[in-house]
>>> print(open('coords_39.cif').read())   # mmCIF, C-alpha atoms
data_input
#
loop_
_atom_site.group_PDB
_atom_site.id
_atom_site.type_symbol
_atom_site.label_atom_id
_atom_site.label_comp_id
_atom_site.auth_asym_id
_atom_site.auth_seq_id
_atom_site.Cartn_x
_atom_site.Cartn_y
_atom_site.Cartn_z
ATOM 1 C CA MET N 488 -0.034 41.960 -23.637
ATOM 2 C CA ALA N 489 2.320 39.206 -24.812
ATOM 3 C CA SER N 490 1.335 37.058 -21.814
ATOM 4 C CA ILE N 491 -2.363 37.412 -22.660
ATOM 5 C CA ILE N 492 -1.777 36.446 -26.294
ATOM 6 C CA GLY N 493 0.334 33.481 -25.178
ATOM 7 C CA TRP N 494 -2.358 32.333 -22.755
ATOM 8 C CA VAL N 495 -5.045 32.419 -25.466
ATOM 9 C CA GLN N 496 -2.923 30.661 -28.082
ATOM 10 C CA TRP N 497 -1.542 27.963 -25.776
ATOM 11 C CA ASN N 498 -4.967 27.213 -24.327
ATOM 12 C CA LYS N 499 -6.451 26.855 -27.798
ATOM 13 C CA GLN N 500 -3.622 24.619 -29.000
ATOM 14 C CA ALA N 501 -3.895 22.457 -25.880
ATOM 15 C CA GLU N 502 -7.656 22.087 -26.369
ATOM 16 C CA ASP N 503 -7.254 21.204 -30.053
ATOM 17 C CA ILE N 504 -4.698 18.509 -29.233
ATOM 18 C CA ARG N 505 -6.897 17.203 -26.400
ATOM 19 C CA LYS N 506 -9.759 16.678 -28.841
ATOM 20 C CA GLN N 507 -7.403 14.937 -31.253
ATOM 21 C CA TYR N 508 -5.951 12.504 -28.723
ATOM 22 C CA GLU N 509 -9.400 11.675 -27.344
ATOM 23 C CA ILE N 510 -10.603 10.812 -30.849
ATOM 24 C CA PHE N 511 -7.421 8.794 -31.345
ATOM 25 C CA GLY N 512 -8.069 6.918 -28.099
ATOM 26 C CA ASP N 513 -11.701 6.251 -29.042
ATOM 27 C CA ASN N 514 -10.569 4.811 -32.375
ATOM 28 C CA HIS N 515 -7.751 2.617 -31.072
ATOM 29 C CA TRP N 516 -8.795 1.517 -27.562
ATOM 30 C CA SER N 517 -11.939 -0.473 -26.763
ATOM 31 C CA LEU N 518 -13.534 -2.134 -23.764
ATOM 32 C CA ARG N 519 -14.084 -5.313 -25.755
ATOM 33 C CA SER N 520 -10.414 -5.598 -26.731
ATOM 34 C CA TRP N 521 -9.350 -4.927 -23.154
ATOM 35 C CA VAL N 522 -11.433 -7.779 -21.720
ATOM 36 C CA GLU N 523 -10.690 -10.213 -24.537
ATOM 37 C CA ASN N 524 -6.932 -9.603 -24.565
ATOM 38 C CA THR N 525 -6.547 -9.436 -20.793
ATOM 39 C CA LEU N 526 -8.993 -12.055 -19.477
ATOM 40 C CA LEU N 527 -10.641 -14.212 -22.137
ATOM 41 C CA ASN N 528 -7.671 -14.758 -24.460
ATOM 42 C CA PRO N 529 -4.773 -13.098 -22.638
ATOM 43 C CA ILE N 530 -1.643 -12.218 -24.576
ATOM 44 C CA ALA N 531 0.803 -14.962 -23.609
ATOM 45 C CA GLY N 532 3.871 -12.763 -23.234
ATOM 46 C CA LEU N 533 2.091 -10.364 -20.890
ATOM 47 C CA ILE N 534 0.510 -12.878 -18.510
ATOM 48 C CA PRO N 535 3.472 -12.848 -16.052
ATOM 49 C CA TYR N 536 3.116 -9.104 -15.405
ATOM 50 C CA ASP N 537 1.139 -8.392 -12.237
ATOM 51 C CA ASP N 538 -0.489 -5.247 -13.652
ATOM 52 C CA PHE N 539 -1.865 -7.096 -16.674
ATOM 53 C CA LYS N 540 -5.324 -7.848 -15.253
ATOM 54 C CA LEU N 541 -8.825 -6.386 -15.148
ATOM 55 C CA ASP N 542 -9.264 -5.966 -11.400
ATOM 56 C CA GLY N 543 -6.114 -4.028 -10.656
ATOM 57 C CA THR N 544 -5.361 -0.873 -8.715
ATOM 58 C CA HIS N 545 -7.181 1.428 -11.120
ATOM 59 C CA LYS N 546 -10.774 1.333 -12.334
ATOM 60 C CA LEU N 547 -12.901 2.382 -15.258
ATOM 61 C CA GLU N 548 -16.541 3.273 -14.740
ATOM 62 C CA LEU N 549 -19.164 1.364 -16.689
ATOM 63 C CA HIS N 550 -22.556 2.745 -17.655
ATOM 64 C CA LEU N 551 -25.351 0.170 -17.639
ATOM 65 C CA LEU N 552 -28.793 0.405 -19.201
ATOM 66 C CA GLY N 553 -31.974 -1.653 -19.200
ATOM 67 C CA SER N 554 -32.282 -4.738 -17.027
ATOM 68 C CA LEU N 555 -28.595 -4.628 -16.098
ATOM 69 C CA ALA N 556 -29.016 -1.149 -14.642
ATOM 70 C CA GLU N 557 -32.054 -2.312 -12.692
ATOM 71 C CA GLU N 558 -30.102 -5.202 -11.189
ATOM 72 C CA PHE N 559 -26.641 -3.680 -10.650
ATOM 73 C CA GLY N 560 -27.210 0.074 -10.788
ATOM 74 C CA GLU N 561 -26.604 2.571 -13.566
ATOM 75 C CA TYR N 562 -22.876 2.916 -12.858
ATOM 76 C CA ILE N 563 -20.512 0.159 -11.769
ATOM 77 C CA SER N 564 -16.766 -0.451 -11.537
ATOM 78 C CA SER N 565 -14.906 -2.221 -14.327
ATOM 79 C CA ASP N 566 -13.890 -4.839 -11.733
ATOM 80 C CA SER N 567 -17.328 -6.359 -12.363
ATOM 81 C CA LEU N 568 -16.122 -7.510 -15.780
ATOM 82 C CA THR N 569 -14.031 -10.188 -14.072
ATOM 83 C CA ALA N 570 -17.257 -11.921 -13.052
ATOM 84 C CA HIS N 571 -19.252 -10.798 -16.103
ATOM 85 C CA PRO N 572 -16.941 -10.655 -19.136
ATOM 86 C CA GLU N 573 -19.944 -11.395 -21.356
ATOM 87 C CA TRP N 574 -21.113 -7.829 -20.777
ATOM 88 C CA ILE N 575 -18.691 -6.582 -23.419
ATOM 89 C CA TYR N 576 -20.998 -8.103 -26.052
ATOM 90 C CA ASN N 577 -24.043 -6.311 -24.637
ATOM 91 C CA ASP N 578 -25.063 -2.976 -26.140
ATOM 92 C CA TYR N 579 -26.393 -1.957 -22.730
ATOM 93 C CA VAL N 580 -22.847 -1.731 -21.346
ATOM 94 C CA THR N 581 -20.480 1.116 -22.237
ATOM 95 C CA VAL N 582 -17.445 2.662 -20.609
ATOM 96 C CA LEU N 583 -17.732 6.203 -19.268
ATOM 97 C CA GLN N 584 -15.292 8.251 -21.340
ATOM 98 C CA ASP N 585 -14.422 11.011 -18.911
ATOM 99 C CA GLN N 586 -11.123 12.628 -17.950
ATOM 100 C CA HIS N 587 -10.126 9.654 -15.789
ATOM 101 C CA PHE N 588 -10.774 7.250 -18.655
ATOM 102 C CA TYR N 589 -8.470 9.121 -21.036
ATOM 103 C CA GLU N 590 -5.788 9.306 -18.368
ATOM 104 C CA ASN N 591 -6.055 5.638 -17.393
ATOM 105 C CA ILE N 592 -5.792 4.083 -20.850
ATOM 106 C CA GLY N 593 -2.532 5.877 -21.531
ATOM 107 C CA LYS N 594 -0.946 5.858 -18.100
ATOM 108 C CA TYR N 595 -1.442 2.413 -16.590
ATOM 109 C CA ASP N 596 -0.285 -1.007 -17.790
ATOM 110 C CA GLN N 597 -3.525 -2.490 -16.514
ATOM 111 C CA PHE N 598 -5.331 -1.151 -19.601
ATOM 112 C CA VAL N 599 -2.739 -1.894 -22.279
ATOM 113 C CA GLY N 600 -4.791 -4.849 -23.562
ATOM 114 C CA GLY N 601 -7.427 -2.459 -24.884
ATOM 115 C CA TRP N 602 -5.179 -1.031 -27.597
ATOM 116 C CA ASP N 603 -5.842 -2.452 -31.043
ATOM 117 C CA ASP N 604 -2.127 -3.021 -31.730
ATOM 118 C CA ILE N 605 -1.493 -4.996 -28.534
ATOM 119 C CA LEU N 606 0.233 -7.764 -30.513
ATOM 120 C CA GLU N 607 2.969 -5.223 -31.274
ATOM 121 C CA TYR N 608 3.586 -4.563 -27.575
ATOM 122 C CA TYR N 609 7.056 -3.885 -26.242
ATOM 123 C CA ILE N 610 8.638 -3.264 -22.862
ATOM 124 C CA GLU N 611 10.095 0.032 -21.677
ATOM 125 C CA GLU N 612 12.197 0.389 -18.557
ATOM 126 C CA LYS N 613 11.971 3.569 -16.504
ATOM 127 C CA THR N 614 14.292 4.308 -13.595
ATOM 128 C CA VAL N 615 12.400 5.562 -10.538
ATOM 129 C CA GLU N 616 14.783 6.408 -7.686
ATOM 130 C CA ASP N 617 16.580 3.108 -6.951
ATOM 131 C CA THR N 618 14.200 0.828 -8.835
ATOM 132 C CA ILE N 619 13.437 0.073 -12.467
ATOM 133 C CA GLU N 620 9.783 0.331 -13.471
ATOM 134 C CA ILE N 621 8.504 -1.846 -16.322
ATOM 135 C CA ILE N 622 6.079 -0.108 -18.700
ATOM 136 C CA LEU N 623 3.998 -2.048 -21.224
ATOM 137 C CA MET N 624 3.717 -0.089 -24.461
ATOM 138 C CA THR N 625 2.299 -0.345 -27.967
ATOM 139 C CA PRO N 626 2.967 2.031 -30.878
ATOM 140 C CA ASN N 627 -0.540 3.501 -30.607
ATOM 141 C CA LYS N 628 -0.291 3.894 -26.848
ATOM 142 C CA GLU N 629 3.013 5.733 -27.278
ATOM 143 C CA ASP N 630 1.525 8.006 -29.951
ATOM 144 C CA TYR N 631 -1.439 8.715 -27.681
ATOM 145 C CA ASN N 632 0.785 9.542 -24.704
ATOM 146 C CA ASN N 633 2.925 11.867 -26.804
ATOM 147 C CA GLN N 634 -0.191 13.800 -27.817
ATOM 148 C CA ARG N 635 -1.374 14.029 -24.197
ATOM 149 C CA SER N 636 2.062 15.172 -23.073
ATOM 150 C CA ARG N 637 2.127 17.942 -25.674
ATOM 151 C CA SER N 638 -1.339 19.124 -24.643
ATOM 152 C CA ASN N 639 -0.357 19.167 -20.964
ATOM 153 C CA ASP N 640 2.845 21.087 -21.739
ATOM 154 C CA LEU N 641 0.824 23.770 -23.513
ATOM 155 C CA LEU N 642 -1.584 24.004 -20.578
ATOM 156 C CA ARG N 643 1.331 24.509 -18.192
ATOM 157 C CA MET N 644 2.666 27.265 -20.430
ATOM 158 C CA ALA N 645 -0.777 28.895 -20.465
ATOM 159 C CA ASN N 646 -0.963 28.684 -16.664
ATOM 160 C CA TYR N 647 2.463 30.269 -16.467
ATOM 161 C CA ALA N 648 1.306 33.126 -18.693
ATOM 162 C CA VAL N 649 -1.669 33.791 -16.394
ATOM 163 C CA SER N 650 0.577 33.639 -13.334
ATOM 164 C CA ALA N 651 2.973 36.082 -14.982
ATOM 165 C CA ILE N 652 0.125 38.520 -15.684
ATOM 166 C CA MET N 653 -1.068 38.444 -12.074
ATOM 167 C CA PHE N 654 2.494 38.598 -10.786
ATOM 168 C CA ASN N 655 3.275 41.658 -12.897
ATOM 169 C CA HIS N 656 0.213 43.443 -11.517
ATOM 170 C CA VAL N 657 1.368 42.802 -7.965
ATOM 171 C CA ILE N 658 4.947 43.838 -8.698
ATOM 172 C CA SER N 659 3.789 47.007 -10.455
ATOM 173 C CA GLY N 660 1.911 47.974 -7.307
ATOM 174 C CA MET N 661 4.921 47.235 -5.111
ATOM 175 C CA GLU N 662 7.234 49.209 -7.379
ATOM 176 C CA ALA N 663 4.866 52.167 -7.225
ATOM 177 C CA VAL N 664 5.142 52.116 -3.438
ATOM 178 C CA PHE N 665 8.933 51.845 -3.568
ATOM 179 C CA THR N 666 9.128 54.689 -6.083
ATOM 180 C CA ASN N 667 7.065 56.972 -3.873
ATOM 181 C CA GLN N 668 9.284 56.174 -0.915
ATOM 182 C CA ARG N 669 12.442 56.852 -2.890
ATOM 183 C CA ASN N 670 11.115 60.119 -4.236
ATOM 184 C CA ALA N 671 10.368 61.207 -0.694
ATOM 185 C CA ARG N 672 14.068 61.060 0.072
ATOM 186 C CA ALA N 673 15.594 64.228 -1.248
ATOM 187 C CA LYS N 674 19.111 62.844 -1.394
ATOM 188 C CA ALA N 675 18.358 59.234 -2.241
ATOM 189 C CA LYS N 676 20.302 57.664 -5.058
ATOM 190 C CA GLN N 677 18.489 56.258 -8.062
ATOM 191 C CA SER N 678 17.646 52.587 -7.662
ATOM 192 C CA ASN N 679 16.250 49.801 -9.822
ATOM 193 C CA THR N 680 14.134 46.823 -8.852
ATOM 194 C CA ASP N 681 13.879 43.810 -11.125
ATOM 195 C CA VAL N 682 11.542 40.947 -10.250
ATOM 196 C CA GLY N 683 10.695 37.990 -12.461
ATOM 197 C CA LEU N 684 9.515 34.390 -12.610
ATOM 198 C CA TYR N 685 11.343 31.193 -13.492
ATOM 199 C CA TYR N 686 9.455 28.905 -15.885
ATOM 200 C CA ASP N 687 9.378 25.238 -14.804
ATOM 201 C CA PRO N 688 7.553 22.807 -17.168
ATOM 202 C CA ARG N 689 7.313 20.217 -14.366
ATOM 203 C CA ASN N 690 5.187 22.511 -12.221
ATOM 204 C CA LYS N 691 1.408 22.515 -12.730
ATOM 205 C CA TYR N 692 1.377 26.318 -12.962
ATOM 206 C CA GLY N 693 4.682 26.584 -14.800
ATOM 207 C CA ILE N 694 6.402 28.493 -11.994
ATOM 208 C CA GLY N 695 9.755 27.308 -10.708
ATOM 209 C CA GLY N 696 10.665 30.302 -8.559
ATOM 210 C CA ILE N 697 11.006 34.066 -8.255
ATOM 211 C CA THR N 698 14.036 36.213 -9.042
ATOM 212 C CA VAL N 699 14.539 39.537 -7.275
ATOM 213 C CA SER N 700 17.320 42.067 -7.784
ATOM 214 C CA TYR N 701 17.558 45.517 -6.208
ATOM 215 C CA GLN N 702 20.216 48.078 -7.092
ATOM 216 C CA TRP N 703 20.947 51.459 -5.494
#
>>> encode(input="coords_39.cif", output="structure tokens")
Amino acid sequence: MASIIGWVQWNKQAEDIRKQYEIFGDNHWSLRSWVENTLLNPIAGLIPYDDFKLDGTHKLELHLLGSLAEEFGEYISSDSLTAHPEWIYNDYVTVLQDQHFYENIGKYDQFVGGWDDILEYYIEEKTVEDTIEIILMTPNKEDYNNQRSRSNDLLRMANYAVSAIMFNHVISGMEAVFTNQRNARAKAKQSNTDVGLYYDPRNKYGIGGITVSYQW
């Protein structure tokens, strides 16, 4: 019962935070700022960084309308803005705000120029194995990422709760079989079986392993 309640509550909290950080992203990141700050009037201190460009490893999807859609198609990669930066001033061009969009603007340096506080940018260093990774941050980008991280943590906890429910059903069935076998032995000693799950926040489903103990 506790696992079911936890699953419902954590899912709801995660969804509420997701809506909040998406609104936050919509209010503080824009396609126009991204193109202007990255290509048209690039921030001087960020120019040397290889990831600070429009046509990088990752893409946003643009939605075109009217004559632009007739010429280029309804959907097109954000790489096209390198050749057509003037599109950001056209009401017929918008960015598709899907799951990938909300992940990209917070995760990759390529899109840091779209944040409205880009002039307050700072550098973070993250150690990855034997190398140091440079991360371009702004206060709003950090706030946004913290909200996303909290939402994802709650989703992992909810997934763990569901896994625990299913796991307990399976274990209950196994214990019933073991109990019947033990009862069939007239002289068998009393035994106890204890099986559980380890919670691991780094795992998508929240499961880090299984613990099993059996006592005669």
>>> resolve_selection(input="coords_39.cif", expression="the PyMOL selection byres ((chain N and resi 530) around 12)", output="list of chain:residue names")
N:Ser520, N:Trp521, N:Val522, N:Glu523, N:Asn524, N:Thr525, N:Leu526, N:Leu527, N:Asn528, N:Pro529, N:Ala531, N:Gly532, N:Leu533, N:Ile534, N:Pro535, N:Tyr536, N:Phe539, N:Lys540, N:Val599, N:Gly600, N:Gly601, N:Asp604, N:Ile605, N:Leu606, N:Glu607, N:Tyr608
>>> write_last_selection(input="coords_39.cif", atoms="C-alpha atoms", output="PDB file, keeping the file's coordinate frame")
ATOM      1  CA  SER N 520     -10.414  -5.598 -26.731  1.00  0.00           C
ATOM      2  CA  TRP N 521      -9.350  -4.927 -23.154  1.00  0.00           C
ATOM      3  CA  VAL N 522     -11.433  -7.779 -21.720  1.00  0.00           C
ATOM      4  CA  GLU N 523     -10.690 -10.213 -24.537  1.00  0.00           C
ATOM      5  CA  ASN N 524      -6.932  -9.603 -24.565  1.00  0.00           C
ATOM      6  CA  THR N 525      -6.547  -9.436 -20.793  1.00  0.00           C
ATOM      7  CA  LEU N 526      -8.993 -12.055 -19.477  1.00  0.00           C
ATOM      8  CA  LEU N 527     -10.641 -14.212 -22.137  1.00  0.00           C
ATOM      9  CA  ASN N 528      -7.671 -14.758 -24.460  1.00  0.00           C
ATOM     10  CA  PRO N 529      -4.773 -13.098 -22.638  1.00  0.00           C
ATOM     11  CA  ALA N 531       0.803 -14.962 -23.609  1.00  0.00           C
ATOM     12  CA  GLY N 532       3.871 -12.763 -23.234  1.00  0.00           C
ATOM     13  CA  LEU N 533       2.091 -10.364 -20.890  1.00  0.00           C
ATOM     14  CA  ILE N 534       0.510 -12.878 -18.510  1.00  0.00           C
ATOM     15  CA  PRO N 535       3.472 -12.848 -16.052  1.00  0.00           C
ATOM     16  CA  TYR N 536       3.116  -9.104 -15.405  1.00  0.00           C
ATOM     17  CA  PHE N 539      -1.865  -7.096 -16.674  1.00  0.00           C
ATOM     18  CA  LYS N 540      -5.324  -7.848 -15.253  1.00  0.00           C
ATOM     19  CA  VAL N 599      -2.739  -1.894 -22.279  1.00  0.00           C
ATOM     20  CA  GLY N 600      -4.791  -4.849 -23.562  1.00  0.00           C
ATOM     21  CA  GLY N 601      -7.427  -2.459 -24.884  1.00  0.00           C
ATOM     22  CA  ASP N 604      -2.127  -3.021 -31.730  1.00  0.00           C
ATOM     23  CA  ILE N 605      -1.493  -4.996 -28.534  1.00  0.00           C
ATOM     24  CA  LEU N 606       0.233  -7.764 -30.513  1.00  0.00           C
ATOM     25  CA  GLU N 607       2.969  -5.223 -31.274  1.00  0.00           C
ATOM     26  CA  TYR N 608       3.586  -4.563 -27.575  1.00  0.00           C
TER      27      TYR N 608
END
>>> atom_distance(input="coords_39.cif", atom1="atom CA of N:Trp602", atom2="atom CA of N:Asp640")
24.2 Å
>>> atom_distance(input="coords_39.cif", atom1="atom CA of N:Met624", atom2="atom CA of N:Lys594")
9.9 Å
>>> resolve_selection(input="coords_39.cif", expression="the PyMOL selection byres ((chain N and resi 580) around 10)", output="ChimeraX atom specification")
/N:518,549-553,555-556,561-562,574-579,581-583
>>> closest_residue(input="coords_39.cif", among="N:Glu502, N:Asp617, N:Asp542, N:Glu548", to="N:Thr569", atoms="all atoms listed in the file")
N:Asp542
